[in-house]
Amino acid sequence: MLYREYKEKYPEGYSRSRFCDYLMKHQVANSAVMHLEHKAGDKLFIDFAGKKLSIVDPNSGEITSVEVFVAILPCSGLMYVEAVMSQKKEDLILACEHTLQYIEGVPQVIVPDNLRAAVTKSSKYEAVINEDFADFADHYGCSIIPTRAYRPRDKALVEGAVKLIYRSIYLRLEERVFHDLATLNAAIRVALEVHNNAPFSGRSYSRRDQFEEIERMTLGKLNPIRYELKKQCVVTVMKNGHVRLSEDAHYYSVPCKHIGKRVKLLYTSTLVEVYFRYEKIAEHARSYSRFRYTTDQDHLASHHRAYTEWSAEKFIQEAASIHPDLGEYITKVIEKKAHPEQAYKSVQGILSFARRVGEKRLINACRWAESYGLYNYPAIESILINHQDEVPLEEDIAEGKSTPSHKNIRGKEYYS
């Protein structure tokens, strides 16, 4: 068709054979490829093999296909291979981390294919990297540069590596049955070591030798802290100043000023962080106790904070600091209740008399109440109202005097 169009335009032009000859030369000239020199420690190419391996359930016999992750350092040719359950970002990131641990260092750049788990939006000029994969790279101090979209040839190296593992690793696993990823990866590792330590064709050194000699010292230092993938969700701060992590049905506090606002939770297996408009407003150790609360006292409103700080030890210590007799009386008030919290309101009221009528009157009132065997707020209030505390109890006991007669002194039977 091209030739007919050409002859219609140029009737005296080339014959068909000469036309096809020039066309072929043109195609060859415009399909040239570039030879790339790879610097030591510069890049790590990663991809998934097209052919999958499988594991077999020992009970049901069900066969599950698994993906095979492949990574290669282009300078030395050292490879890493691992079977994973899927091409999802969780498995991709874990396999990349295992690769860095295997080579005991970090390259300057990780070069993935335009995988959905690695690249959110591919582009010929500047791709948008998956947020979690970019966070992984930041954690280990390297960059992510995907291969060019639309028929790229700069990933030919890793595609060649995939073909190599078909011959050097897959063949060693044929006719073997694996029941889980751990045993499959153990077998892969053995075959991988054989492959990496085998001499290059026609040469006296292997990929491992070349890596140790020219590439290991050029890699960056490996972060000693393992990367942990962060999950995220958006929630509304409840009226009680807490947010709910639905996955665990657990509640975490945030500063009370954010009540009613939408916040983002970023969480790992050990940590929960709360962000409002890109500002971290709270951080908690993750708890898996369902329907429980993790609360930071500084997050509570002042009146709520005071309530949560109540404790038997706190009240007894406060009373004893005024006078030992008052400390003993408050101890007995708390002990008389089935549960300490039942006495907290009563104790708080009794101690408030130190401010309202003075510490001396309160101490004497408690001595009087204890002489009656009465341990509650109404007894102290009645004694103070009737000014019975102003009668010297100790002198009366020493002189054998009875309790003064007064219409408002009802006796201990009234309070029992």
# chains A, B, ... in the order shown; residues from 1 in each chain; ligands from 1
>>> residues_around(residues="A:Val66", least_positions_apart="6", cutoff="6 Å", atoms="only C-alpha atoms", output="list in words")
Lys52, Leu53, Ser54, Val84 and Met85 of chain A
>>> residues_around(residues="stretch 122-136 of chain A", least_positions_apart="2", cutoff="12 Å", atoms="only C-alpha atoms", output="compact mmCIF listing (two decimals) with N, CA, C and O atoms, in the first residue's frame")
# COMPACT_ATOMS: atom_id res chain seq x y z
N LYS A 88 0.72 -6.80 45.35
CA LYS A 88 0.24 -5.65 46.11
C LYS A 88 1.41 -4.93 46.77
O LYS A 88 2.49 -5.50 46.93
N LYS A 89 1.15 -3.68 47.17
CA LYS A 89 2.25 -2.86 47.69
C LYS A 89 2.86 -3.45 48.95
O LYS A 89 4.06 -3.31 49.19
N GLU A 90 2.03 -4.14 49.78
CA GLU A 90 2.57 -4.72 51.01
C GLU A 90 3.63 -5.77 50.68
O GLU A 90 4.71 -5.79 51.28
N ASP A 91 3.34 -6.63 49.70
CA ASP A 91 4.29 -7.67 49.31
C ASP A 91 5.48 -7.08 48.56
O ASP A 91 6.61 -7.54 48.72
N LEU A 92 5.22 -6.06 47.72
CA LEU A 92 6.31 -5.42 46.98
C LEU A 92 7.30 -4.77 47.93
O LEU A 92 8.52 -4.94 47.81
N ILE A 93 6.80 -4.02 48.91
CA ILE A 93 7.67 -3.33 49.86
C ILE A 93 8.46 -4.33 50.71
O ILE A 93 9.65 -4.16 50.95
N LEU A 94 7.78 -5.40 51.14
CA LEU A 94 8.47 -6.41 51.94
C LEU A 94 9.58 -7.08 51.14
O LEU A 94 10.69 -7.30 51.65
N ALA A 95 9.31 -7.39 49.88
CA ALA A 95 10.32 -8.03 49.03
C ALA A 95 11.50 -7.08 48.78
O ALA A 95 12.66 -7.51 48.78
N CYS A 96 11.22 -5.80 48.59
CA CYS A 96 12.29 -4.81 48.40
C CYS A 96 13.15 -4.70 49.65
O CYS A 96 14.38 -4.59 49.58
N GLU A 97 12.49 -4.74 50.81
CA GLU A 97 13.25 -4.67 52.07
C GLU A 97 14.14 -5.90 52.24
O GLU A 97 15.30 -5.80 52.66
N LEU A 100 17.25 -5.44 50.13
CA LEU A 100 18.26 -4.57 50.75
C LEU A 100 19.01 -5.30 51.87
O LEU A 100 20.21 -5.10 52.05
N VAL A 106 22.19 -0.10 50.53
CA VAL A 106 21.11 0.60 49.84
C VAL A 106 21.65 1.28 48.58
O VAL A 106 22.61 2.06 48.66
N VAL A 109 19.16 4.43 43.76
CA VAL A 109 17.86 4.45 43.08
C VAL A 109 17.31 3.04 42.98
O VAL A 109 18.05 2.09 42.69
N ILE A 110 16.00 2.91 43.21
CA ILE A 110 15.28 1.67 42.92
C ILE A 110 14.45 1.92 41.67
O ILE A 110 13.71 2.90 41.60
N VAL A 111 14.59 1.04 40.68
CA VAL A 111 13.92 1.23 39.39
C VAL A 111 12.86 0.13 39.21
O VAL A 111 13.20 -1.00 38.84
N PRO A 112 11.59 0.44 39.48
CA PRO A 112 10.54 -0.55 39.24
C PRO A 112 9.94 -0.38 37.85
O PRO A 112 10.10 0.66 37.22
N ASP A 113 9.26 -1.42 37.40
CA ASP A 113 8.43 -1.27 36.23
C ASP A 113 7.22 -0.44 36.68
O ASP A 113 7.07 -0.14 37.86
N ASN A 114 6.36 -0.06 35.77
CA ASN A 114 5.21 0.76 36.14
C ASN A 114 4.12 -0.08 36.80
O ASN A 114 2.98 -0.14 36.34
N LEU A 115 4.49 -0.75 37.90
CA LEU A 115 3.55 -1.56 38.65
C LEU A 115 2.56 -0.66 39.37
O LEU A 115 2.92 0.42 39.84
N ARG A 116 1.33 -1.13 39.49
CA ARG A 116 0.32 -0.33 40.20
C ARG A 116 0.71 -0.14 41.66
O ARG A 116 0.41 0.89 42.26
N ALA A 117 1.39 -1.12 42.25
CA ALA A 117 1.78 -1.03 43.65
C ALA A 117 2.90 -0.02 43.86
O ALA A 117 3.09 0.49 44.97
N ALA A 118 3.65 0.29 42.79
CA ALA A 118 4.78 1.21 42.91
C ALA A 118 4.49 2.58 42.33
O ALA A 118 4.98 3.60 42.82
N VAL A 119 3.69 2.64 41.27
CA VAL A 119 3.44 3.89 40.56
C VAL A 119 1.94 4.17 40.52
O VAL A 119 1.16 3.37 40.01
N THR A 120 1.56 5.31 41.09
CA THR A 120 0.14 5.69 41.10
C THR A 120 -0.31 6.13 39.71
O THR A 120 -1.40 5.78 39.25
N ASP A 138 12.16 6.72 51.35
CA ASP A 138 12.67 7.75 52.26
C ASP A 138 13.25 7.13 53.52
O ASP A 138 14.26 7.60 54.06
N HIS A 139 12.60 6.08 54.02
CA HIS A 139 13.07 5.42 55.24
C HIS A 139 14.49 4.87 55.06
O HIS A 139 15.31 4.93 55.98
N TYR A 140 14.76 4.35 53.87
CA TYR A 140 16.08 3.75 53.62
C TYR A 140 17.03 4.69 52.87
O TYR A 140 18.15 4.30 52.54
N GLY A 141 16.58 5.91 52.59
CA GLY A 141 17.47 6.91 52.00
C GLY A 141 17.81 6.69 50.55
O GLY A 141 18.97 6.87 50.15
N CYS A 142 16.83 6.29 49.74
CA CYS A 142 17.07 6.15 48.31
C CYS A 142 15.90 6.76 47.54
O CYS A 142 14.95 7.26 48.14
N SER A 143 15.98 6.75 46.23
CA SER A 143 14.95 7.35 45.38
C SER A 143 14.26 6.28 44.54
O SER A 143 14.79 5.19 44.35
N ILE A 144 13.07 6.63 44.03
CA ILE A 144 12.33 5.75 43.13
C ILE A 144 12.23 6.41 41.77
O ILE A 144 11.71 7.52 41.65
N ILE A 145 12.76 5.75 40.73
CA ILE A 145 12.65 6.26 39.36
C ILE A 145 12.12 5.13 38.49
O ILE A 145 12.86 4.21 38.12
N PRO A 146 10.82 5.13 38.17
CA PRO A 146 10.25 4.04 37.36
C PRO A 146 10.82 4.04 35.95
O PRO A 146 11.34 5.06 35.46
N THR A 147 10.72 2.90 35.30
CA THR A 147 11.11 2.82 33.89
C THR A 147 10.16 3.68 33.06
O THR A 147 9.03 3.95 33.47
N ARG A 148 10.60 4.10 31.91
CA ARG A 148 9.77 4.93 31.05
C ARG A 148 8.55 4.16 30.58
O ARG A 148 8.63 2.97 30.27
N ALA A 149 7.44 4.84 30.55
CA ALA A 149 6.21 4.22 30.06
C ALA A 149 6.25 4.15 28.53
O ALA A 149 7.05 4.84 27.87
N TYR A 150 5.36 3.34 27.98
CA TYR A 150 5.20 3.22 26.53
C TYR A 150 6.43 2.61 25.85
O TYR A 150 7.32 3.30 25.37
N ARG A 151 6.51 1.29 25.89
CA ARG A 151 7.55 0.50 25.23
C ARG A 151 8.95 0.89 25.69
O ARG A 151 9.83 1.20 24.89
N PRO A 152 9.24 0.86 27.00
CA PRO A 152 10.58 1.21 27.47
C PRO A 152 11.60 0.11 27.17
O PRO A 152 11.26 -1.07 27.18
N ASN A 223 19.48 1.16 56.99
CA ASN A 223 18.83 1.65 58.21
C ASN A 223 18.60 0.47 59.17
O ASN A 223 17.95 -0.50 58.80
N ILE A 225 16.68 0.26 61.62
CA ILE A 225 15.27 0.16 62.02
C ILE A 225 14.46 -0.35 60.83
O ILE A 225 14.47 0.25 59.76
N ARG A 226 13.77 -1.45 61.02
CA ARG A 226 12.97 -2.02 59.94
C ARG A 226 11.83 -1.08 59.57
O ARG A 226 11.23 -0.42 60.42
N TYR A 227 11.53 -1.03 58.28
CA TYR A 227 10.41 -0.22 57.82
C TYR A 227 9.11 -0.95 58.11
O TYR A 227 9.01 -2.17 57.94
N GLU A 228 8.12 -0.21 58.55
CA GLU A 228 6.82 -0.80 58.80
C GLU A 228 5.76 0.00 58.04
O GLU A 228 5.67 1.22 58.20
N LEU A 229 5.02 -0.70 57.22
CA LEU A 229 4.02 -0.05 56.39
C LEU A 229 2.93 0.58 57.25
O LEU A 229 2.39 -0.06 58.14
N LYS A 230 2.63 1.84 56.97
CA LYS A 230 1.60 2.54 57.73
C LYS A 230 0.26 2.48 56.99
O LYS A 230 0.18 2.79 55.81
N LYS A 231 -0.75 2.06 57.73
CA LYS A 231 -2.10 2.12 57.19
C LYS A 231 -2.71 3.46 57.60
O LYS A 231 -2.23 4.12 58.53
N GLN A 232 -3.79 3.85 56.94
CA GLN A 232 -4.39 5.13 57.28
C GLN A 232 -5.90 5.09 57.11
O GLN A 232 -6.44 4.29 56.36
N LEU A 266 -2.70 7.45 61.12
CA LEU A 266 -1.66 6.65 60.49
C LEU A 266 -1.19 5.65 61.54
O LEU A 266 -0.79 6.05 62.63
>>> residues_around(residues="A:Ile72", least_positions_apart="3", cutoff="7 Å", atoms="only C-alpha atoms", output="count of residues only")
8
>>> residues_around(residues="A:Glu212", least_positions_apart="6", cutoff="12 Å", atoms="only C-alpha atoms", output="PyMOL selection string")
chain A and resi 40-41+75-78+103-105+196-197+205-206+218-219
>>> select_by_dssp(residues="stretch 98-171 of chain A", states="helix (DSSP H, G or I)", output="ChimeraX atom specification")
/A:98-103,131-140,156-171
>>> write_last_selection(atoms="N, CA and C atoms", output="JSON list (two decimals), in the first residue's frame")
[["chain", "number", "residue", "atom", "x", "y", "z"],
["A", 98, "HIS", "N", 13.62, -7.07, 51.90],
["A", 98, "HIS", "CA", 14.42, -8.29, 51.97],
["A", 98, "HIS", "C", 15.60, -8.22, 50.99],
["A", 99, "THR", "N", 15.40, -7.56, 49.86],
["A", 99, "THR", "CA", 16.50, -7.38, 48.89],
["A", 99, "THR", "C", 17.62, -6.55, 49.49],
["A", 100, "LEU", "N", 17.25, -5.44, 50.13],
["A", 100, "LEU", "CA", 18.26, -4.57, 50.75],
["A", 100, "LEU", "C", 19.01, -5.30, 51.87],
["A", 101, "GLN", "N", 18.29, -6.14, 52.60],
["A", 101, "GLN", "CA", 18.95, -6.93, 53.64],
["A", 101, "GLN", "C", 19.88, -7.97, 53.03],
["A", 102, "TYR", "N", 19.49, -8.50, 51.89],
["A", 102, "TYR", "CA", 20.32, -9.52, 51.23],
["A", 102, "TYR", "C", 21.62, -8.91, 50.73],
["A", 103, "ILE", "N", 21.55, -7.73, 50.13],
["A", 103, "ILE", "CA", 22.77, -7.10, 49.61],
["A", 103, "ILE", "C", 23.48, -6.27, 50.70],
["A", 131, "GLU", "N", 2.41, 6.54, 47.43],
["A", 131, "GLU", "CA", 2.80, 7.23, 48.66],
["A", 131, "GLU", "C", 3.55, 6.32, 49.64],
["A", 132, "ASP", "N", 3.06, 5.10, 49.81],
["A", 132, "ASP", "CA", 3.69, 4.18, 50.75],
["A", 132, "ASP", "C", 5.04, 3.69, 50.24],
["A", 133, "PHE", "N", 5.15, 3.47, 48.93],
["A", 133, "PHE", "CA", 6.42, 3.03, 48.36],
["A", 133, "PHE", "C", 7.46, 4.16, 48.46],
["A", 134, "ALA", "N", 7.02, 5.39, 48.26],
["A", 134, "ALA", "CA", 7.91, 6.55, 48.40],
["A", 134, "ALA", "C", 8.36, 6.69, 49.86],
["A", 135, "ASP", "N", 7.44, 6.43, 50.80],
["A", 135, "ASP", "CA", 7.78, 6.48, 52.22],
["A", 135, "ASP", "C", 8.82, 5.43, 52.56],
["A", 136, "PHE", "N", 8.69, 4.25, 51.97],
["A", 136, "PHE", "CA", 9.68, 3.18, 52.16],
["A", 136, "PHE", "C", 11.06, 3.64, 51.68],
["A", 137, "ALA", "N", 11.09, 4.26, 50.49],
["A", 137, "ALA", "CA", 12.36, 4.74, 49.95],
["A", 137, "ALA", "C", 12.98, 5.81, 50.84],
["A", 138, "ASP", "N", 12.16, 6.72, 51.35],
["A", 138, "ASP", "CA", 12.67, 7.75, 52.26],
["A", 138, "ASP", "C", 13.25, 7.13, 53.52],
["A", 139, "HIS", "N", 12.60, 6.08, 54.02],
["A", 139, "HIS", "CA", 13.07, 5.42, 55.24],
["A", 139, "HIS", "C", 14.49, 4.87, 55.06],
["A", 140, "TYR", "N", 14.76, 4.35, 53.87],
["A", 140, "TYR", "CA", 16.08, 3.75, 53.62],
["A", 140, "TYR", "C", 17.03, 4.69, 52.87],
["A", 156, "ALA", "N", 15.35, -3.69, 30.04],
["A", 156, "ALA", "CA", 15.74, -4.94, 29.38],
["A", 156, "ALA", "C", 16.62, -5.79, 30.29],
["A", 157, "LEU", "N", 17.40, -5.14, 31.16],
["A", 157, "LEU", "CA", 18.30, -5.88, 32.04],
["A", 157, "LEU", "C", 17.53, -6.78, 32.98],
["A", 158, "VAL", "N", 16.50, -6.24, 33.64],
["A", 158, "VAL", "CA", 15.74, -7.05, 34.59],
["A", 158, "VAL", "C", 14.91, -8.09, 33.85],
["A", 159, "GLU", "N", 14.46, -7.79, 32.63],
["A", 159, "GLU", "CA", 13.74, -8.79, 31.84],
["A", 159, "GLU", "C", 14.67, -9.93, 31.46],
["A", 160, "GLY", "N", 15.93, -9.59, 31.20],
["A", 160, "GLY", "CA", 16.92, -10.63, 30.94],
["A", 160, "GLY", "C", 17.19, -11.47, 32.18],
["A", 161, "ALA", "N", 17.16, -10.80, 33.35],
["A", 161, "ALA", "CA", 17.36, -11.52, 34.61],
["A", 161, "ALA", "C", 16.23, -12.51, 34.85],
["A", 162, "VAL", "N", 15.02, -12.09, 34.48],
["A", 162, "VAL", "CA", 13.87, -12.99, 34.63],
["A", 162, "VAL", "C", 14.06, -14.24, 33.77],
["A", 163, "LYS", "N", 14.55, -14.06, 32.55],
["A", 163, "LYS", "CA", 14.79, -15.22, 31.67],
["A", 163, "LYS", "C", 15.86, -16.13, 32.26],
["A", 164, "LEU", "N", 16.84, -15.51, 32.93],
["A", 164, "LEU", "CA", 17.91, -16.31, 33.54],
["A", 164, "LEU", "C", 17.38, -17.18, 34.67],
["A", 165, "ILE", "N", 16.47, -16.63, 35.49],
["A", 165, "ILE", "CA", 15.99, -17.42, 36.63],
["A", 165, "ILE", "C", 15.08, -18.56, 36.17],
["A", 166, "TYR", "N", 14.47, -18.40, 35.00],
["A", 166, "TYR", "CA", 13.68, -19.51, 34.46],
["A", 166, "TYR", "C", 14.60, -20.73, 34.26],
["A", 167, "ARG", "N", 15.83, -20.48, 33.80],
["A", 167, "ARG", "CA", 16.77, -21.57, 33.53],
["A", 167, "ARG", "C", 17.53, -22.02, 34.77],
["A", 168, "SER", "N", 17.90, -21.05, 35.62],
["A", 168, "SER", "CA", 18.78, -21.40, 36.75],
["A", 168, "SER", "C", 18.04, -21.74, 38.03],
["A", 169, "ILE", "N", 16.82, -21.22, 38.22],
["A", 169, "ILE", "CA", 16.09, -21.46, 39.47],
["A", 169, "ILE", "C", 14.83, -22.29, 39.24],
["A", 170, "TYR", "N", 14.02, -21.89, 38.28],
["A", 170, "TYR", "CA", 12.77, -22.62, 38.04],
["A", 170, "TYR", "C", 13.03, -24.09, 37.75],
["A", 171, "LEU", "N", 14.07, -24.37, 36.94],
["A", 171, "LEU", "CA", 14.34, -25.76, 36.58],
["A", 171, "LEU", "C", 14.71, -26.60, 37.80]]
>>> atom_distance(atom1="atom CA of A:His38", atom2="atom CA of A:Leu192")
22.3 Å
>>> residues_around(residues="A:Glu5", least_positions_apart="6", cutoff="12 Å", atoms="only C-alpha atoms", output="count of residues only")
4
>>> residues_around(residues="A:Ser17", least_positions_apart="6", cutoff="12 Å", atoms="only C-alpha atoms", output="list in words")
Tyr3, Leu23 and Met24 of chain A
>>> write_last_selection(atoms="C-alpha atoms", output="PDB file, in the first residue's frame")
ATOM      1  CA  TYR A   3       4.499   1.517  -2.495  1.00  0.00           C
ATOM      2  CA  LEU A  23      12.437   1.213   3.685  1.00  0.00           C
ATOM      3  CA  MET A  24      14.183  -1.610   5.559  1.00  0.00           C
TER       4      MET A  24
END
>>> closest_residue(among="A:Ile330, A:Ala285, A:Met217, A:Leu181", to="A:His250", atoms="only C-alpha atoms")
A:Ala285
>>> residues_around(residues="A:Gln388", least_positions_apart="4", cutoff="8 Å", atoms="only C-alpha atoms", output="list in words")
Ala365, Trp368, Ile383 and Leu384 of chain A
